[in-house]
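Participant: Can you read through this structure? Questions will come right after.
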Amino acid sequence: MGTGRSPTVRLRRLSGELTRLRREAGYSREDVARRLGVAGSTVYRIETGHTRPQGRTMRELLDLYGVDGTEREALLDLAREAGRRGWWHAYGDVLPGPYVGLEAEAASVRNYEPLLVPGLLQTEAYARAVVGAALVKDPAEIERRVAVRMERQRRLAGPGALDLWAVLDEAVLRRPVGGPAVMAEQLRRLGEVAVQPNVTIQVLPFDAGAYLGMGNPMAVLTFPDPEDADAVLLENMGGELYLENPEHVRGYVQVFDHLRAAALGPEKSIEKIESVEKEMAGR
């Protein structure tokens, strides 16, 4: 069992392994809590990836499940990796969930956005306008949120660059977030990034009419290690929802395939972006 860079991904894998071992050993969560003398909520949080088992608890879990030898050492190494701090931990006060940690280790992201430019592609001015519109009034907090988005964009360049495929509704291009000048700059940014070999941008034009998945932003993350299953992020006003069930993930992958089939091809999409940019710049 290998380890990688992101503690978020390692914690996700660790929670999955511990859940599997418990089930194979024939214990319920309540059984484990009683035998270890901990609260049932503690076992739940460990198995859902909300918390990392400390050294003693980790060893007691492995003892209970009868894990020894190389598998035991690999799991202890995995637990240590999960305890490391990624760069995003410094921004924990402005990050609502684990998405950035997962993105940091992902090999690819398939992203559909009906209203806003994805964070990985936003300019600073556009990001500042988006954050400021989200009832965030503290200037320092706004700047920290913007800084996170700019830091995330490092994944789009250099060795091991993230493979990004973004499908944007035409409304994303035409909503003048921050005003026409900010939006024109943002559209230029999209046109520049779209020519990178690891970035594909498609636009779903208004004349496509209604389409499958319309209006529901989502991201499908795939990881370089096959032991780390794909994940889906869904966003709404209530927060973030993560799906890991393989059947559910496959369903959203199919939805994304429908979205990109309905959208303009990459070259026509760049033409559309450039056309709207000229309109914005002329306002």
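By convention in this document, the chains of the structure tokens carry letters A, B, ... by their order, each chain's residues are numbered from 1, and ligands are numbered from 1 in the order they are shown.
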Taking 2 positions as the minimum chain separation for residues in the same chain, which residues sit within 12 Å of range 256-263 of chain A when counting only C-alpha atoms? Answer as JSON, numbers by chain.

Facilitator: {"A": [109, 110, 111, 112, 113, 114, 165, 166, 167, 168, 169, 170, 200, 201, 202, 203, 204, 205, 206, 207, 208, 209, 210, 211, 212, 213, 214, 215, 216, 217, 218, 219, 220, 221, 232, 249, 250, 251, 252, 253, 254, 265, 266, 267, 268, 269, 270, 272]}

Participant: Considering only C-alpha atoms, return as a list in words whatever protein or nucleic-acid residues lie within 7 Å of Tyr242 in chain A, sequence-local ones (same chain, fewer than 3 positions apart) excluded.

Facilitator: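 Residues near the query, excluding close chain neighbours: Ala231, Val232, Leu233 and Leu234 of chain A.
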
Participant: Please produce a file of those selected residues containing N, CA, C and O atoms, as an mmCIF file, in the first residue's frame.

Facilitator:
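See part-v5.cif below for the written result:
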```
data_model
loop_
_atom_site.group_PDB
_atom_site.id
_atom_site.type_symbol
_atom_site.label_atom_id
_atom_site.label_comp_id
_atom_site.auth_asym_id
_atom_site.auth_seq_id
_atom_site.Cartn_x
_atom_site.Cartn_y
_atom_site.Cartn_z
ATOM 1 N N ALA A 231 -14.123 10.476 -6.841
ATOM 2 C CA ALA A 231 -15.080 11.137 -5.960
ATOM 3 C C ALA A 231 -15.812 12.213 -6.740
ATOM 4 O O ALA A 231 -15.307 12.751 -7.727
ATOM 5 N N VAL A 232 -17.022 12.530 -6.299
ATOM 6 C CA VAL A 232 -17.836 13.580 -6.913
ATOM 7 C C VAL A 232 -18.155 14.624 -5.858
ATOM 8 O O VAL A 232 -18.533 14.292 -4.730
ATOM 9 N N LEU A 233 -17.987 15.897 -6.229
ATOM 10 C CA LEU A 233 -18.387 17.011 -5.367
ATOM 11 C C LEU A 233 -19.613 17.663 -5.973
ATOM 12 O O LEU A 233 -19.627 18.018 -7.158
ATOM 13 N N LEU A 234 -20.648 17.832 -5.143
ATOM 14 C CA LEU A 234 -21.835 18.578 -5.530
ATOM 15 C C LEU A 234 -21.953 19.776 -4.593
ATOM 16 O O LEU A 234 -21.751 19.646 -3.380
#
```

Participant: Identify which of the residues A:Leu264, A:Ala229, A:Ala181, A:Ala147 lies closest to Gly16 in chain A, counting only C-alpha atoms when measuring atom-to-atom distances.

Facilitator: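 Going through A:Leu264, A:Ala229, A:Ala181, A:Ala147 one by one, the smallest distance to Gly16 in chain A is for A:Ala229.
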
Participant: Do you know which residues are at most 9 Å from range 25-40 of chain A counting only C-alpha atoms, after dropping those on the same chain fewer than 3 positions away, and could you put them as an NGL selection string?

Facilitator: :A and (20-22 or 43-45 or 57 or 60-61 or 64-66)

Participant: Limited to N, CA and C atoms, could you put the picked residues into a file as a compact mmCIF listing (two decimals), in the first residue's frame?

Facilitator:
```
# COMPACT_ATOMS: atom_id res chain seq x y z
N ARG A 20 -13.40 -1.29 5.99
CA ARG A 20 -13.36 -2.62 5.39
C ARG A 20 -12.91 -3.66 6.40
N LEU A 21 -11.88 -3.36 7.17
CA LEU A 21 -11.35 -4.32 8.15
C LEU A 21 -12.38 -4.61 9.23
N ARG A 22 -13.10 -3.57 9.67
CA ARG A 22 -14.13 -3.79 10.69
C ARG A 22 -15.21 -4.74 10.18
N VAL A 43 -15.77 6.41 16.52
CA VAL A 43 -15.60 5.42 15.46
C VAL A 43 -16.21 5.92 14.16
N TYR A 44 -17.37 6.55 14.28
CA TYR A 44 -18.03 7.10 13.08
C TYR A 44 -17.14 8.14 12.40
N ARG A 45 -16.57 9.05 13.18
CA ARG A 45 -15.74 10.11 12.61
C ARG A 45 -14.47 9.56 11.97
N THR A 57 -4.99 4.59 19.54
CA THR A 57 -6.26 4.12 18.99
C THR A 57 -6.04 3.32 17.72
N GLU A 60 -4.81 -0.11 18.61
CA GLU A 60 -5.87 -0.91 19.21
C GLU A 60 -6.86 -1.39 18.15
N LEU A 61 -7.15 -0.56 17.17
CA LEU A 61 -8.03 -0.97 16.09
C LEU A 61 -7.42 -2.14 15.31
N LEU A 64 -7.60 -5.28 17.31
CA LEU A 64 -8.96 -5.81 17.34
C LEU A 64 -9.30 -6.52 16.03
N TYR A 65 -8.82 -5.97 14.91
CA TYR A 65 -9.14 -6.55 13.61
C TYR A 65 -8.17 -7.66 13.20
N GLY A 66 -7.19 -7.92 14.06
CA GLY A 66 -6.24 -9.00 13.77
C GLY A 66 -5.30 -8.70 12.62
```

Participant: List every residue of range 59-159 of chain A that DSSP, applied to the backbone of this structure, assigns to strand (DSSP E), and report them as JSON, numbers by chain.

Facilitator: {"A": [108, 109, 110, 111, 112, 113]}

Participant: Keeping only C-alpha atoms, write those residues as a JSON list (two decimals), in the first residue's frame.

Facilitator:
```
[["chain", "number", "residue", "atom", "x", "y", "z"],
["A", 108, "SER", "CA", -7.83, 15.02, -13.22],
["A", 109, "VAL", "CA", -10.91, 17.11, -12.51],
["A", 110, "ARG", "CA", -14.02, 17.16, -14.69],
["A", 111, "ASN", "CA", -15.96, 20.27, -13.75],
["A", 112, "TYR", "CA", -19.36, 21.59, -14.84],
["A", 113, "GLU", "CA", -20.34, 25.13, -13.87]]
```

Participant: Closest to Gly55 in chain A among A:Asp77, A:Glu124, A:Glu141, A:Glu277, using only C-alpha atoms?

Facilitator: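 Of A:Asp77, A:Glu124, A:Glu141, A:Glu277, the one nearest Gly55 in chain A is A:Asp77, counting only C-alpha atoms.
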
Participant: May I ask which of the residues A:Val130, A:Leu18, A:Val136, A:Leu116 is the closest one to Leu78 in chain A, counting only C-alpha atoms?

Facilitator: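 The shortest atom-to-atom distance to Leu78 in chain A comes from A:Leu18.
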
Participant: Counting only C-alpha atoms, which of A:Tyr126, A:Phe223, A:Tyr99, A:Tyr91 gets nearest to Arg145 in chain A?

Facilitator: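 Of the candidates, the smallest distance to Arg145 in chain A is held by A:Tyr91.
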